[in-house]
>>> print(open('final-v5.txt').read())   # compact mmCIF, C-alpha atoms
# COMPACT_ATOMS: atom_id res chain seq x y z
CA MET A 139 -46.79 -97.08 -309.66
CA LYS A 140 -48.87 -96.03 -306.72
CA ALA A 141 -48.42 -93.25 -304.20
CA ARG A 142 -49.96 -92.59 -300.81
CA VAL A 143 -50.16 -88.98 -299.65
CA THR A 144 -50.84 -88.27 -295.98
CA ILE A 145 -52.13 -84.78 -295.30
CA SER A 146 -52.18 -83.34 -291.80
CA LEU A 147 -52.91 -79.99 -290.24
CA LYS A 148 -49.92 -77.86 -289.32
CA ASN A 149 -49.17 -77.36 -285.64
CA GLY A 150 -50.93 -74.28 -284.41
CA VAL A 151 -53.91 -74.74 -286.71
CA LEU A 152 -57.06 -75.33 -284.73
CA ASP A 153 -58.63 -78.73 -285.41
CA PRO A 154 -62.24 -78.57 -284.19
CA GLN A 155 -63.00 -81.96 -285.69
CA GLY A 156 -60.05 -83.49 -283.83
CA LYS A 157 -61.38 -81.93 -280.63
CA ALA A 158 -64.83 -83.37 -281.26
CA ILE A 159 -63.30 -86.81 -281.77
CA GLU A 160 -61.28 -86.41 -278.57
CA HIS A 161 -64.43 -85.61 -276.57
CA ALA A 162 -66.27 -88.54 -278.13
CA LEU A 163 -63.41 -90.87 -277.16
CA HIS A 164 -63.53 -89.53 -273.61
CA GLY A 165 -67.25 -90.19 -273.60
CA LEU A 166 -66.57 -93.78 -274.57
CA GLY A 167 -64.25 -94.20 -271.57
CA PHE A 168 -60.90 -93.53 -273.26
CA GLU A 169 -60.12 -90.76 -270.79
CA GLY A 170 -56.37 -90.86 -271.26
CA VAL A 171 -56.51 -89.38 -274.76
CA ASN A 172 -54.92 -85.92 -274.59
CA ASP A 173 -55.08 -84.70 -278.15
CA VAL A 174 -56.53 -85.80 -281.48
CA ARG A 175 -55.67 -84.37 -284.89
CA GLN A 176 -57.53 -85.59 -287.94
CA GLY A 177 -55.88 -85.74 -291.35
CA LYS A 178 -56.52 -87.45 -294.64
CA VAL A 179 -54.94 -90.09 -296.82
CA ILE A 180 -55.09 -89.90 -300.60
CA GLU A 181 -54.04 -92.86 -302.69
CA LEU A 182 -53.02 -92.30 -306.29
CA ASP A 183 -52.58 -94.75 -309.11
CA LEU A 184 -49.94 -92.96 -311.18
CA GLY A 185 -50.00 -95.27 -314.16
CA ASP A 186 -46.79 -95.68 -316.16
CA ILE A 187 -44.77 -92.89 -314.56
CA SER A 188 -41.07 -93.62 -313.99
CA LYS A 189 -39.54 -94.05 -310.54
CA GLU A 190 -37.34 -91.00 -311.24
CA ASP A 191 -40.21 -88.71 -312.23
CA ALA A 192 -42.69 -89.84 -309.59
CA PRO A 193 -41.47 -87.92 -306.50
CA ALA A 194 -41.37 -84.50 -308.18
CA THR A 195 -44.67 -85.10 -309.96
CA VAL A 196 -46.53 -86.13 -306.83
CA ASP A 197 -44.95 -83.24 -304.96
CA LYS A 198 -46.39 -80.86 -307.55
CA MET A 199 -49.81 -82.51 -307.19
CA CYS A 200 -49.57 -81.85 -303.46
CA THR A 201 -48.60 -78.21 -303.67
CA GLN A 202 -51.04 -77.43 -306.50
CA LEU A 203 -54.10 -79.27 -305.27
CA LEU A 204 -53.97 -82.06 -302.73
CA ALA A 205 -52.74 -79.99 -299.77
CA ASN A 206 -53.33 -76.39 -298.78
CA THR A 207 -49.84 -75.51 -297.63
CA VAL A 208 -51.14 -72.52 -295.67
CA ILE A 209 -52.63 -74.93 -293.15
CA GLU A 210 -51.49 -78.45 -294.09
CA ASN A 211 -48.35 -80.55 -294.28
CA TYR A 212 -48.06 -83.51 -296.60
CA ALA A 213 -45.97 -86.68 -296.71
CA ILE A 214 -45.52 -88.80 -299.82
CA GLU A 215 -44.98 -92.55 -299.87
CA LEU A 216 -44.22 -94.18 -303.18
CA LEU A 217 -45.47 -97.73 -303.39
CA ASP A 218 -44.72 -100.35 -306.02
CA MET B 82 -70.67 -51.01 -317.12
CA LYS B 83 -70.30 -54.77 -317.08
CA ALA B 84 -70.12 -57.41 -314.39
CA ALA B 85 -69.42 -61.14 -314.46
CA VAL B 86 -70.54 -63.79 -312.01
CA ILE B 87 -68.52 -67.02 -312.05
CA VAL B 88 -70.58 -70.21 -311.77
CA PHE B 89 -69.15 -73.56 -310.67
CA PRO B 90 -70.91 -76.90 -310.41
CA GLY B 91 -72.43 -76.60 -306.95
CA SER B 92 -72.56 -72.81 -306.77
CA ASN B 93 -75.98 -71.87 -305.40
CA CYS B 94 -75.79 -68.16 -304.61
CA ASP B 95 -75.07 -67.11 -308.17
CA ARG B 96 -78.68 -66.15 -308.79
CA ASP B 97 -78.84 -63.99 -305.66
CA MET B 98 -75.57 -62.35 -306.73
CA LYS B 99 -77.04 -61.66 -310.18
CA VAL B 100 -80.20 -60.17 -308.68
CA ALA B 101 -78.23 -57.92 -306.32
CA ILE B 102 -75.91 -56.68 -309.06
CA GLU B 103 -78.78 -56.15 -311.49
CA GLN B 104 -80.79 -54.19 -308.92
CA SER B 105 -77.91 -51.76 -308.43
CA MET B 106 -76.55 -51.69 -311.98
CA GLY B 107 -79.80 -51.66 -313.97
CA SER B 108 -78.54 -54.41 -316.25
CA ALA B 109 -77.80 -58.07 -315.73
CA PRO B 110 -74.27 -59.36 -315.17
CA GLU B 111 -72.92 -62.08 -317.43
CA MET B 112 -72.97 -65.56 -315.88
CA VAL B 113 -69.64 -67.18 -316.71
CA TRP B 114 -69.26 -70.96 -316.55
CA HIS B 115 -66.17 -72.27 -314.75
CA GLY B 116 -65.16 -74.36 -317.74
CA ASP B 117 -64.74 -71.34 -320.01
CA SER B 118 -61.15 -70.38 -320.54
CA GLU B 119 -61.89 -66.77 -321.42
CA LEU B 120 -63.43 -64.06 -319.29
CA PRO B 121 -65.54 -61.44 -321.01
CA ASP B 122 -64.41 -57.84 -320.69
CA THR B 123 -65.74 -56.79 -317.32
CA ASP B 124 -65.57 -54.07 -314.65
CA LEU B 125 -66.40 -56.37 -311.73
CA ILE B 126 -65.96 -60.09 -311.10
CA ALA B 127 -68.15 -61.80 -308.50
CA ILE B 128 -67.35 -65.24 -307.13
CA PRO B 129 -70.56 -66.39 -305.45
CA GLY B 130 -71.38 -68.66 -302.55
CA GLY B 131 -72.43 -72.29 -302.59
CA PHE B 132 -70.84 -75.70 -302.43
CA SER B 133 -68.69 -75.82 -305.54
CA TYR B 134 -67.67 -79.42 -306.23
CA GLY B 135 -69.53 -80.40 -303.09
CA ASP B 136 -66.69 -78.94 -300.98
CA TYR B 137 -64.76 -82.08 -301.97
CA LEU B 138 -61.09 -82.21 -300.86
CA ARG B 139 -61.36 -78.69 -299.33
CA CYS B 140 -63.92 -75.95 -299.83
CA GLY B 141 -63.05 -74.07 -303.01
CA ALA B 142 -59.95 -76.18 -303.72
CA ILE B 143 -61.18 -77.82 -306.90
CA ALA B 144 -63.06 -74.75 -308.11
CA GLY B 145 -59.85 -72.78 -307.65
CA ASN B 146 -58.24 -74.95 -310.31
CA SER B 147 -60.99 -74.34 -312.91
CA PRO B 148 -59.86 -72.92 -316.27
CA ILE B 149 -61.78 -69.70 -315.65
CA MET B 150 -60.04 -69.06 -312.33
CA ARG B 151 -56.69 -68.69 -314.08
CA GLU B 152 -58.21 -65.76 -315.96
CA VAL B 153 -59.85 -64.36 -312.83
CA VAL B 154 -56.55 -64.41 -310.95
CA LYS B 155 -54.86 -62.62 -313.89
CA LYS B 156 -57.58 -59.96 -314.11
CA ALA B 157 -57.50 -59.49 -310.35
CA ALA B 158 -53.73 -58.95 -310.51
CA ASP B 159 -54.41 -56.29 -313.17
CA GLY B 160 -56.68 -54.48 -310.73
CA VAL B 161 -60.16 -55.57 -311.80
CA PRO B 162 -62.40 -55.44 -308.70
CA VAL B 163 -63.34 -58.86 -307.35
CA LEU B 164 -66.11 -59.59 -304.84
CA ALA B 165 -65.63 -63.07 -303.34
CA VAL B 166 -68.51 -64.17 -301.10
CA CYS B 167 -68.51 -67.23 -298.84
CA ASN B 168 -67.48 -70.11 -301.13
CA GLY B 169 -66.00 -67.35 -303.28
CA PHE B 170 -63.86 -66.26 -300.32
CA GLN B 171 -62.74 -69.88 -299.95
CA VAL B 172 -61.85 -70.02 -303.65
CA ALA B 173 -59.95 -66.74 -303.30
CA THR B 174 -57.80 -68.05 -300.47
CA GLU B 175 -57.23 -71.36 -302.26
CA THR B 176 -55.97 -69.54 -305.36
CA GLY B 177 -53.79 -67.20 -303.33
CA MET B 178 -55.75 -64.08 -304.37
CA LEU B 179 -56.26 -63.54 -300.67
CA PRO B 180 -54.08 -64.77 -297.78
CA GLY B 181 -55.11 -67.22 -295.07
CA ALA B 182 -57.56 -70.10 -295.15
CA LEU B 183 -61.12 -70.87 -294.09
CA LEU B 184 -61.39 -73.76 -291.63
CA ARG B 185 -64.35 -75.72 -290.21
CA ASN B 186 -66.34 -73.55 -287.78
CA ALA B 187 -64.97 -73.92 -284.26
CA ASN B 188 -68.33 -75.07 -282.89
CA GLN B 189 -68.68 -77.68 -285.67
CA LYS B 190 -72.09 -76.30 -286.62
CA PHE B 191 -73.46 -74.90 -289.85
CA ILE B 192 -74.32 -71.32 -288.90
CA CYS B 193 -77.22 -69.76 -290.70
CA LYS B 194 -78.42 -66.39 -289.39
CA ASP B 195 -78.18 -62.63 -289.77
CA VAL B 196 -75.10 -61.26 -288.01
CA ASP B 197 -73.78 -57.87 -286.98
CA LEU B 198 -70.50 -56.88 -288.54
CA GLN B 199 -68.20 -54.02 -287.69
CA VAL B 200 -66.85 -52.16 -290.71
CA VAL B 201 -63.11 -51.97 -290.10
CA GLY B 202 -60.87 -50.73 -292.91
CA ARG B 203 -61.30 -47.81 -295.29
CA ASN B 204 -62.01 -48.90 -298.84
CA GLU B 205 -64.17 -46.52 -300.84
CA ARG B 206 -65.04 -49.11 -303.48
CA PHE B 207 -66.47 -51.71 -301.12
CA VAL B 208 -67.44 -49.90 -297.91
CA GLY B 209 -67.52 -46.28 -299.01
CA ALA B 210 -71.20 -46.07 -298.07
CA PHE B 211 -70.46 -47.03 -294.47
CA GLU B 212 -68.55 -45.26 -291.71
CA THR B 213 -65.54 -46.96 -290.16
CA GLY B 214 -66.82 -48.61 -287.01
CA GLN B 215 -70.39 -48.73 -288.30
CA ILE B 216 -72.31 -51.91 -287.62
CA VAL B 217 -73.94 -53.51 -290.65
CA ARG B 218 -76.08 -56.62 -290.90
CA PHE B 219 -75.57 -59.41 -293.44
CA PRO B 220 -76.63 -63.06 -293.25
CA VAL B 221 -74.13 -65.87 -292.88
CA ALA B 222 -74.69 -69.45 -293.96
CA HIS B 223 -71.56 -71.53 -293.63
CA HIS B 224 -69.90 -74.55 -292.07
CA ASP B 225 -66.34 -73.55 -292.92
CA GLY B 226 -66.02 -69.84 -292.22
CA ASN B 227 -63.35 -69.94 -289.52
CA PHE B 228 -60.71 -67.56 -290.92
CA PHE B 229 -57.16 -68.58 -290.11
CA ALA B 230 -53.84 -66.95 -290.89
CA ASP B 231 -50.45 -67.32 -289.20
CA GLU B 232 -49.23 -64.61 -286.82
CA GLU B 233 -47.08 -62.87 -289.41
CA THR B 234 -49.93 -62.70 -291.93
CA LEU B 235 -52.42 -61.55 -289.30
CA ALA B 236 -50.07 -58.78 -288.17
CA ARG B 237 -49.71 -57.64 -291.77
CA LEU B 238 -53.48 -57.70 -292.41
CA GLU B 239 -54.15 -55.71 -289.27
CA GLY B 240 -51.25 -53.32 -289.78
CA GLU B 241 -51.98 -52.61 -293.45
CA GLY B 242 -55.71 -52.01 -292.98
CA GLN B 243 -56.67 -55.14 -294.90
CA VAL B 244 -59.28 -56.33 -292.42
CA ALA B 245 -62.70 -55.44 -293.85
CA PHE B 246 -65.28 -56.70 -291.36
CA ARG B 247 -65.31 -58.27 -287.90
CA TYR B 248 -68.06 -60.32 -286.25
CA SER B 249 -69.51 -58.08 -283.54
CA ASP B 250 -72.81 -57.34 -281.83
CA SER B 251 -75.21 -54.50 -282.53
CA ASP B 252 -73.38 -52.32 -279.98
CA GLY B 253 -70.07 -52.75 -281.74
CA ASN B 254 -68.55 -55.17 -279.22
CA VAL B 255 -65.97 -57.43 -280.86
CA SER B 256 -65.23 -60.35 -278.52
CA ASP B 257 -65.12 -64.12 -278.21
CA GLU B 258 -68.86 -64.01 -277.49
CA THR B 259 -69.56 -62.28 -280.79
CA ASN B 260 -67.16 -64.51 -282.75
CA ILE B 261 -69.60 -66.91 -284.38
CA ASN B 262 -67.10 -69.35 -285.85
CA GLY B 263 -63.70 -68.97 -284.17
CA SER B 264 -62.11 -66.76 -286.84
CA CYS B 265 -58.79 -65.20 -285.89
CA ASN B 266 -59.43 -61.68 -284.55
CA ASN B 267 -63.16 -62.10 -285.38
CA ILE B 268 -62.27 -61.51 -289.03
CA ALA B 269 -65.28 -61.89 -291.33
CA GLY B 270 -63.73 -60.39 -294.45
CA ILE B 271 -60.43 -59.08 -295.81
CA TYR B 272 -59.00 -57.07 -298.70
CA ASN B 273 -55.94 -57.91 -300.72
CA GLU B 274 -52.98 -55.56 -300.48
CA ALA B 275 -54.02 -53.57 -303.55
CA GLY B 276 -57.57 -53.18 -302.21
CA ASN B 277 -59.36 -54.38 -305.36
CA ILE B 278 -60.37 -57.78 -303.97
CA LEU B 279 -62.81 -58.23 -301.08
CA GLY B 280 -63.40 -61.68 -299.66
CA LEU B 281 -66.03 -62.12 -296.97
CA MET B 282 -68.01 -64.99 -295.48
CA PRO B 283 -71.30 -63.05 -294.98
CA HIS B 284 -73.70 -62.60 -297.90
CA PRO B 285 -74.47 -58.96 -298.71
CA GLU B 286 -76.43 -60.13 -301.76
CA ARG B 287 -79.01 -61.75 -299.46
CA LEU B 288 -80.16 -58.58 -297.71
CA ILE B 289 -81.00 -56.21 -300.53
CA SER B 290 -84.61 -55.32 -299.77
CA GLU B 291 -86.96 -54.76 -296.85
CA GLN B 292 -88.90 -57.73 -298.12
CA LEU B 293 -85.85 -59.89 -297.40
CA GLY B 294 -85.33 -58.30 -293.99
CA GLY B 295 -82.82 -55.55 -294.57
CA THR B 296 -81.12 -53.25 -297.02
CA ASP B 297 -77.49 -53.06 -295.90
CA GLY B 298 -76.72 -55.29 -298.86
CA LYS B 299 -78.40 -52.89 -301.27
CA ILE B 300 -76.36 -50.00 -299.84
CA PHE B 301 -73.22 -52.12 -300.28
CA PHE B 302 -73.97 -53.00 -303.91
CA ASP B 303 -75.17 -49.50 -304.85
CA ASN B 304 -71.85 -48.13 -303.62
CA LEU B 305 -69.83 -50.86 -305.31
CA ILE B 306 -71.54 -50.44 -308.69
CA ASN B 307 -71.28 -46.63 -308.49
CA SER B 308 -67.57 -46.93 -307.80
CA LEU B 309 -67.05 -48.74 -311.11
CA SER B 310 -68.02 -45.76 -313.24
>>> encode(input="final-v5.txt", output="structure tokens")
Amino acid sequence: MKARVTISLKNGVLDPQGKAIEHALHGLGFEGVNDVRQGKVIELDLGDISKEDAPATVDKMCTQLLANTVIENYAIELLD
Amino acid sequence: MKAAVIVFPGSNCDRDMKVAIEQSMGSAPEMVWHGDSELPDTDLIAIPGGFSYGDYLRCGAIAGNSPIMREVVKKAADGVPVLAVCNGFQVATETGMLPGALLRNANQKFICKDVDLQVVGRNERFVGAFETGQIVRFPVAHHDGNFFADEETLARLEGEGQVAFRYSDSDGNVSDETNINGSCNNIAGIYNEAGNILGLMPHPERLISEQLGGTDGKIFFDNLINSLS
């Protein structure tokens, strides 16, 4: 069973890298871009874990390591 | 008197921390590897700067989950003094020993220079040798030193006297101009509620002799080591 975790910055947290990307896009002629926020995607191969256990287990991985919940939100997708 | 310096793969300021502690204490601290599950008996724990685990995932995130950090967090909760410098500060916020988080510097650059810092709170152990409002000089060397905390946490830090240092200029001006990395309220370092943990981005251990360009770090460590006895 595989899982895909998408981690993004919380609203209100400054994203200087997103800003830098926004300026670079403007420089390339994509002037209409108003805001850019950069996140990350982590893909996990969970091995033989059961469908029932997977959500809670991945959630624990997120809160303990994968995301810093002071500044980040996370979304979990379970994939077959 | 005993001190311990935690060493992670990628720590690179552990030697400077050892030298600074040894200069003030007269004996060497114990270097403790992150993989150890037991901390020696100690009066001071130092978490040094560097790039533990290459800053992978987030600065200090993986180091924060090392076996030794479980012990450090326990000892810190018992009141053992902890000095968390730069990457150490990042580890401290990642483990919840200190509130907030350290983000990428607002100007995207790695900042490497001596900076002026205003001493803010009263804490005899860490800044007893300085006056409140005094300007001290420590070097910074970081890419991710932008201190962030939500409004409620910031209000609590400010209200409870937990702010330790602010980025300023030599005249004591604290402003956007003197804020080198975008930190909320120019915060360069904070204490925990109990006052036994100090986390700061600047490196006091790097300015401990005239030969290195300044002695504010020596004054800091002399005071800290004296406070342990």
>>> interface_residues(input="final-v5.txt", of="chain B", to="chain A", cutoff="12 Å", atoms="only C-alpha atoms", output="PDB file with C-alpha atoms, in the frame of the given file")
ATOM      1  CA  TYR B 137     -64.760 -82.080-301.970  1.00  0.00           C
ATOM      2  CA  LEU B 138     -61.090 -82.210-300.860  1.00  0.00           C
ATOM      3  CA  ARG B 139     -61.360 -78.690-299.330  1.00  0.00           C
ATOM      4  CA  CYS B 140     -63.920 -75.950-299.830  1.00  0.00           C
ATOM      5  CA  GLY B 141     -63.050 -74.070-303.010  1.00  0.00           C
ATOM      6  CA  ALA B 142     -59.950 -76.180-303.720  1.00  0.00           C
ATOM      7  CA  ILE B 143     -61.180 -77.820-306.900  1.00  0.00           C
ATOM      8  CA  ALA B 144     -63.060 -74.750-308.110  1.00  0.00           C
ATOM      9  CA  GLY B 145     -59.850 -72.780-307.650  1.00  0.00           C
ATOM     10  CA  ASN B 146     -58.240 -74.950-310.310  1.00  0.00           C
ATOM     11  CA  SER B 147     -60.990 -74.340-312.910  1.00  0.00           C
ATOM     12  CA  GLN B 171     -62.740 -69.880-299.950  1.00  0.00           C
ATOM     13  CA  VAL B 172     -61.850 -70.020-303.650  1.00  0.00           C
ATOM     14  CA  THR B 174     -57.800 -68.050-300.470  1.00  0.00           C
ATOM     15  CA  GLU B 175     -57.230 -71.360-302.260  1.00  0.00           C
ATOM     16  CA  THR B 176     -55.970 -69.540-305.360  1.00  0.00           C
ATOM     17  CA  GLY B 177     -53.790 -67.200-303.330  1.00  0.00           C
ATOM     18  CA  LEU B 179     -56.260 -63.540-300.670  1.00  0.00           C
ATOM     19  CA  PRO B 180     -54.080 -64.770-297.780  1.00  0.00           C
ATOM     20  CA  GLY B 181     -55.110 -67.220-295.070  1.00  0.00           C
ATOM     21  CA  ALA B 182     -57.560 -70.100-295.150  1.00  0.00           C
ATOM     22  CA  LEU B 183     -61.120 -70.870-294.090  1.00  0.00           C
ATOM     23  CA  LEU B 184     -61.390 -73.760-291.630  1.00  0.00           C
ATOM     24  CA  ARG B 185     -64.350 -75.720-290.210  1.00  0.00           C
ATOM     25  CA  ASN B 186     -66.340 -73.550-287.780  1.00  0.00           C
ATOM     26  CA  ALA B 187     -64.970 -73.920-284.260  1.00  0.00           C
ATOM     27  CA  ASN B 188     -68.330 -75.070-282.890  1.00  0.00           C
ATOM     28  CA  GLN B 189     -68.680 -77.680-285.670  1.00  0.00           C
ATOM     29  CA  LYS B 190     -72.090 -76.300-286.620  1.00  0.00           C
ATOM     30  CA  HIS B 224     -69.900 -74.550-292.070  1.00  0.00           C
ATOM     31  CA  ASP B 225     -66.340 -73.550-292.920  1.00  0.00           C
ATOM     32  CA  ASN B 227     -63.350 -69.940-289.520  1.00  0.00           C
ATOM     33  CA  PHE B 228     -60.710 -67.560-290.920  1.00  0.00           C
ATOM     34  CA  PHE B 229     -57.160 -68.580-290.110  1.00  0.00           C
ATOM     35  CA  ALA B 230     -53.840 -66.950-290.890  1.00  0.00           C
ATOM     36  CA  ASP B 231     -50.450 -67.320-289.200  1.00  0.00           C
ATOM     37  CA  GLU B 232     -49.230 -64.610-286.820  1.00  0.00           C
ATOM     38  CA  THR B 234     -49.930 -62.700-291.930  1.00  0.00           C
ATOM     39  CA  ASN B 262     -67.100 -69.350-285.850  1.00  0.00           C
ATOM     40  CA  GLY B 263     -63.700 -68.970-284.170  1.00  0.00           C
ATOM     41  CA  SER B 264     -62.110 -66.760-286.840  1.00  0.00           C
ATOM     42  CA  CYS B 265     -58.790 -65.200-285.890  1.00  0.00           C
TER      43      CYS B 265
END
>>> residues_around(input="final-v5.txt", residues="B:Ser308", least_positions_apart="6", cutoff="9 Å", atoms="all atoms listed in the file", output="list of chain:residue names")
B:Glu205, B:Arg206, B:Phe207, B:Gly209
>>> residues_around(input="final-v5.txt", residues="B:Ser118", least_positions_apart="3", cutoff="10 Å", atoms="all atoms listed in the file", output="VMD selection string")
chain B and resid 113 to 115 121 147 to 153
>>> write_last_selection(input="final-v5.txt", atoms="C-alpha atoms", output="mmCIF file, in the frame of the given file")
data_model
loop_
_atom_site.group_PDB
_atom_site.id
_atom_site.type_symbol
_atom_site.label_atom_id
_atom_site.label_comp_id
_atom_site.auth_asym_id
_atom_site.auth_seq_id
_atom_site.Cartn_x
_atom_site.Cartn_y
_atom_site.Cartn_z
ATOM 1 C CA VAL B 113 -69.640 -67.180 -316.710
ATOM 2 C CA TRP B 114 -69.260 -70.960 -316.550
ATOM 3 C CA HIS B 115 -66.170 -72.270 -314.750
ATOM 4 C CA PRO B 121 -65.540 -61.440 -321.010
ATOM 5 C CA SER B 147 -60.990 -74.340 -312.910
ATOM 6 C CA PRO B 148 -59.860 -72.920 -316.270
ATOM 7 C CA ILE B 149 -61.780 -69.700 -315.650
ATOM 8 C CA MET B 150 -60.040 -69.060 -312.330
ATOM 9 C CA ARG B 151 -56.690 -68.690 -314.080
ATOM 10 C CA GLU B 152 -58.210 -65.760 -315.960
ATOM 11 C CA VAL B 153 -59.850 -64.360 -312.830
#
>>> residues_near_point(input="final-v5.txt", point="(-39.3, -93.4, -300.1)", cutoff="12 Å", atoms="only C-alpha atoms", output="compact mmCIF listing (two decimals) with C-alpha atoms, keeping the file's coordinate frame")
# COMPACT_ATOMS: atom_id res chain seq x y z
CA LYS A 140 -48.87 -96.03 -306.72
CA ALA A 141 -48.42 -93.25 -304.20
CA ARG A 142 -49.96 -92.59 -300.81
CA VAL A 143 -50.16 -88.98 -299.65
CA LYS A 189 -39.54 -94.05 -310.54
CA GLU A 190 -37.34 -91.00 -311.24
CA ALA A 192 -42.69 -89.84 -309.59
CA PRO A 193 -41.47 -87.92 -306.50
CA ALA A 213 -45.97 -86.68 -296.71
CA ILE A 214 -45.52 -88.80 -299.82
CA GLU A 215 -44.98 -92.55 -299.87
CA LEU A 216 -44.22 -94.18 -303.18
CA LEU A 217 -45.47 -97.73 -303.39
CA ASP A 218 -44.72 -100.35 -306.02
>>> residues_around(input="final-v5.txt", residues="B:Asn260", least_positions_apart="6", cutoff="10 Å", atoms="all atoms listed in the file", output="NGL selection string")
:B and (187 or 227 or 247-250 or 266-269)
>>> atom_distance(input="final-v5.txt", atom1="atom CA of B:Leu125", atom2="atom CA of B:Asp95")
14.3 Å
>>> closest_residue(input="final-v5.txt", among="A:Thr195, A:Ser188, A:Gly170, A:Gly177", to="A:Ser146", atoms="only C-alpha atoms")
A:Gly177
